[in-house]
Amino acid sequence: MDFDPSWLLIGLPVAFVLGWLASRFDIRQLKLENRQAPKAYFRGLNFLLNEQQDQAIDAFIEAVQNDPDTQELHFALGNLFRRRGEYQRAVRVHEHLLGRGDLSRADRERAQHALAQDFLRAGLLDRAEAALQKLEGTRYENEARLALLAIYERSREWAQAADVAQKLDESDQASYSTRRAHHLCEQANERVAAGDLLGASDLLAQARALAPQAPRPAIDTATLQLRNGETAAAFDTLEGLSDTAPLALPLYAASLQKAAVSAHREGEALALLQRRYAESPSIDVLEALIALGGTPPAPATTGAPVEAPSPRDSYIAHLAHQPSLVAASRWLAGERFEHEQFHPQVQRALDQATRPLMRYRCAACGFEAHQYFWHCPGCQAWDSYPPRRVEEL
């Protein structure tokens, strides 16, 4: 078959038209890509990098209006609203994302997590709790559990806090045994307040088994034993605690002294307190010694023990161990001066000056209180209070 040149006359125009259509298709594709990455989006990023959040929000709103299907724009806008404190607008953005049927599973989990953060920052704890519970089984599971734990502890829902802490403990991310023991102790205190002493005793036994090195379960157990009249058992509990947690002795020295007196074991308590006082002098341990009729041991540099004929002289012996305005004030309270008529005024001034020194201070946030807290009311940290007074830190 011979080649017909007339096909060239037909083929060339067709090829030209197809090439032109292909070029037009490329231009449309380029325009489509430009719409997917609108200029408003890049303006918003530029404003954000320059820390101009108001202008960034306006630019992102414009970008979302031009392309409402872009998830990343919604996430960026919602996060900006949250950072600005406009939590209601942030919630609307993230709820709009969750309402979309075309959202991928990963983006849906991300939006749920962002919504929970909105509620948390807004202080809407009930709605935050519900949002966080929906994150169970997702990649945000551990973060959600930690947030739920903080919510339950802040609202003093100790049973729910204990359940969440147990899940965190089982996840092997970190040990929560001491924290779980605190939750059991808090539940035991509620049982004591309700008159269920047997239930409180069971909870404290669980706490001691869970965290045998933690001082609180033993201290609370001894307090309950003293309340029940089990003075010998209370003394044994605190005596054992002095070996496992000697640094916490100032917190329970007074209880140890009361248990020793009631159980007629003053000699054992006196020897224990003197030994621990020699290792770490403390005004609380000193006063327990004085209540038992004992004296503080002399500093290691002097050798011989100090025989204190009166409690006031025990305070002077304490000053040989460490300077203490509290000890000096209490010694001066019983001292007689030449101008005795001015003594009450001077003593009141000293008492007022020493009152702040007898507080406990949180090592995490600096919150001070006359009462010792296992759970800081300021920063919600556990075991952040040293067991010594401010003056002795």
# chains A, B, ... in the order shown; residues from 1 in each chain; ligands from 1

$ residues_around --residues "Cys185 in chain A" --least-positions-apart "6" --cutoff "9 Å" --atoms "only C-alpha atoms" --output "MDAnalysis selection string"
chainID A and resid 200 203:204 207 216:217 220

$ select_by_dssp --residues "range 73-218 of chain A" --states "helix (DSSP H, G or I)" --output "mmCIF file with C-alpha atoms, in the first residue's frame"
data_model
loop_
_atom_site.group_PDB
_atom_site.id
_atom_site.type_symbol
_atom_site.label_atom_id
_atom_site.label_comp_id
_atom_site.auth_asym_id
_atom_site.auth_seq_id
_atom_site.Cartn_x
_atom_site.Cartn_y
_atom_site.Cartn_z
ATOM 1 C CA LEU A 73 -5.796 25.859 57.498
ATOM 2 C CA HIS A 74 -8.480 24.954 60.001
ATOM 3 C CA PHE A 75 -5.951 23.468 62.412
ATOM 4 C CA ALA A 76 -3.718 26.527 62.124
ATOM 5 C CA LEU A 77 -6.649 28.866 62.666
ATOM 6 C CA GLY A 78 -7.964 26.894 65.655
ATOM 7 C CA ASN A 79 -4.542 26.857 67.321
ATOM 8 C CA LEU A 80 -4.189 30.595 66.828
ATOM 9 C CA PHE A 81 -7.584 31.219 68.377
ATOM 10 C CA ARG A 82 -6.592 29.095 71.396
ATOM 11 C CA ARG A 83 -3.295 30.929 71.829
ATOM 12 C CA TYR A 87 -11.580 29.545 73.104
ATOM 13 C CA GLN A 88 -15.141 29.705 71.803
ATOM 14 C CA ARG A 89 -13.936 30.420 68.266
ATOM 15 C CA ALA A 90 -11.300 27.662 68.552
ATOM 16 C CA VAL A 91 -14.006 25.207 69.642
ATOM 17 C CA ARG A 92 -16.165 26.147 66.646
ATOM 18 C CA VAL A 93 -13.273 25.549 64.237
ATOM 19 C CA HIS A 94 -12.425 22.122 65.648
ATOM 20 C CA GLU A 95 -16.071 21.054 65.964
ATOM 21 C CA HIS A 96 -16.528 22.031 62.306
ATOM 22 C CA LEU A 97 -13.622 19.751 61.411
ATOM 23 C CA LEU A 98 -15.098 16.858 63.401
ATOM 24 C CA ARG A 105 -8.988 8.982 60.885
ATOM 25 C CA ALA A 106 -5.659 10.631 61.748
ATOM 26 C CA ASP A 107 -7.071 14.130 61.209
ATOM 27 C CA ARG A 108 -10.205 13.249 63.174
ATOM 28 C CA GLU A 109 -8.088 12.155 66.158
ATOM 29 C CA ARG A 110 -6.027 15.309 65.810
ATOM 30 C CA ALA A 111 -9.149 17.471 65.767
ATOM 31 C CA GLN A 112 -10.545 15.649 68.830
ATOM 32 C CA HIS A 113 -7.291 16.246 70.686
ATOM 33 C CA ALA A 114 -7.311 19.926 69.708
ATOM 34 C CA LEU A 115 -10.920 20.260 70.887
ATOM 35 C CA ALA A 116 -10.023 18.727 74.260
ATOM 36 C CA GLN A 117 -7.202 21.243 74.613
ATOM 37 C CA ASP A 118 -9.642 24.069 73.848
ATOM 38 C CA PHE A 119 -11.937 22.948 76.665
ATOM 39 C CA LEU A 120 -9.013 22.497 79.065
ATOM 40 C CA ARG A 121 -7.644 25.974 78.411
ATOM 41 C CA ALA A 122 -11.122 27.440 78.773
ATOM 42 C CA LEU A 125 -13.472 20.561 82.780
ATOM 43 C CA ASP A 126 -16.658 18.526 82.251
ATOM 44 C CA ARG A 127 -16.545 19.014 78.484
ATOM 45 C CA ALA A 128 -12.780 18.475 78.476
ATOM 46 C CA GLU A 129 -13.253 15.180 80.314
ATOM 47 C CA ALA A 130 -15.778 13.977 77.739
ATOM 48 C CA ALA A 131 -13.504 15.023 74.863
ATOM 49 C CA LEU A 132 -10.453 13.336 76.403
ATOM 50 C CA GLN A 133 -12.284 10.080 77.014
ATOM 51 C CA GLU A 141 -4.103 8.135 74.543
ATOM 52 C CA ASN A 142 -1.307 8.765 77.059
ATOM 53 C CA GLU A 143 -1.589 12.555 76.738
ATOM 54 C CA ALA A 144 -5.331 12.278 77.280
ATOM 55 C CA ARG A 145 -4.864 10.090 80.360
ATOM 56 C CA LEU A 146 -2.413 12.540 81.884
ATOM 57 C CA ALA A 147 -4.865 15.383 81.308
ATOM 58 C CA LEU A 148 -7.712 13.330 82.773
ATOM 59 C CA LEU A 149 -5.559 12.505 85.800
ATOM 60 C CA ALA A 150 -4.918 16.217 86.383
ATOM 61 C CA ILE A 151 -8.654 16.948 86.081
ATOM 62 C CA TYR A 152 -9.649 14.236 88.556
ATOM 63 C CA GLU A 153 -6.968 15.277 91.052
ATOM 64 C CA ARG A 154 -7.937 18.937 90.829
ATOM 65 C CA TRP A 158 -9.877 10.177 93.823
ATOM 66 C CA ALA A 159 -11.473 6.913 92.665
ATOM 67 C CA GLN A 160 -11.426 8.054 89.018
ATOM 68 C CA ALA A 161 -7.885 9.388 89.470
ATOM 69 C CA ALA A 162 -6.786 6.010 90.839
ATOM 70 C CA ASP A 163 -8.244 4.192 87.816
ATOM 71 C CA VAL A 164 -6.459 6.480 85.339
ATOM 72 C CA ALA A 165 -3.166 6.278 87.275
ATOM 73 C CA GLN A 166 -3.387 2.487 87.215
ATOM 74 C CA LYS A 167 -3.769 2.531 83.406
ATOM 75 C CA LEU A 168 -0.774 4.842 83.117
ATOM 76 C CA ASP A 169 1.215 2.571 85.418
ATOM 77 C CA GLU A 170 0.344 -0.448 83.287
ATOM 78 C CA SER A 177 2.906 3.637 92.334
ATOM 79 C CA THR A 178 3.566 6.475 94.789
ATOM 80 C CA ARG A 179 0.892 8.622 93.165
ATOM 81 C CA ARG A 180 -1.585 5.762 93.338
ATOM 82 C CA ALA A 181 -0.741 5.367 97.028
ATOM 83 C CA HIS A 182 -1.615 9.044 97.529
ATOM 84 C CA HIS A 183 -4.972 8.449 95.845
ATOM 85 C CA LEU A 184 -5.672 5.549 98.208
ATOM 86 C CA CYS A 185 -4.711 7.709 101.206
ATOM 87 C CA GLU A 186 -7.072 10.451 100.043
ATOM 88 C CA GLN A 187 -9.874 7.914 99.729
ATOM 89 C CA ALA A 188 -9.016 6.628 103.208
ATOM 90 C CA ASN A 189 -9.332 10.163 104.609
ATOM 91 C CA GLU A 190 -12.793 10.394 103.066
ATOM 92 C CA ARG A 191 -13.719 7.070 104.682
ATOM 93 C CA VAL A 192 -12.482 8.331 108.067
ATOM 94 C CA ALA A 193 -14.575 11.499 107.686
ATOM 95 C CA LEU A 197 -12.623 3.332 109.914
ATOM 96 C CA LEU A 198 -12.398 -0.288 108.775
ATOM 97 C CA GLY A 199 -12.661 0.712 105.116
ATOM 98 C CA ALA A 200 -10.035 3.386 105.663
ATOM 99 C CA SER A 201 -7.706 0.826 107.239
ATOM 100 C CA ASP A 202 -8.069 -1.480 104.223
ATOM 101 C CA LEU A 203 -7.267 1.340 101.791
ATOM 102 C CA LEU A 204 -4.189 2.341 103.795
ATOM 103 C CA ALA A 205 -2.977 -1.252 103.812
ATOM 104 C CA GLN A 206 -3.240 -1.268 100.012
ATOM 105 C CA ALA A 207 -1.327 2.020 99.853
ATOM 106 C CA ARG A 208 1.494 0.683 102.027
ATOM 107 C CA ALA A 209 1.765 -2.451 99.890
ATOM 108 C CA LEU A 210 1.799 -0.371 96.711
ATOM 109 C CA PRO A 215 6.103 7.973 104.151
ATOM 110 C CA ARG A 216 2.475 9.037 103.817
ATOM 111 C CA PRO A 217 0.722 5.641 103.983
ATOM 112 C CA ALA A 218 2.592 4.774 107.191
#

$ closest_residue --among "A:Met358, A:Leu238, A:Leu319, A:Leu332" --to "Pro281 in chain A" --atoms "only C-alpha atoms"
A:Leu319
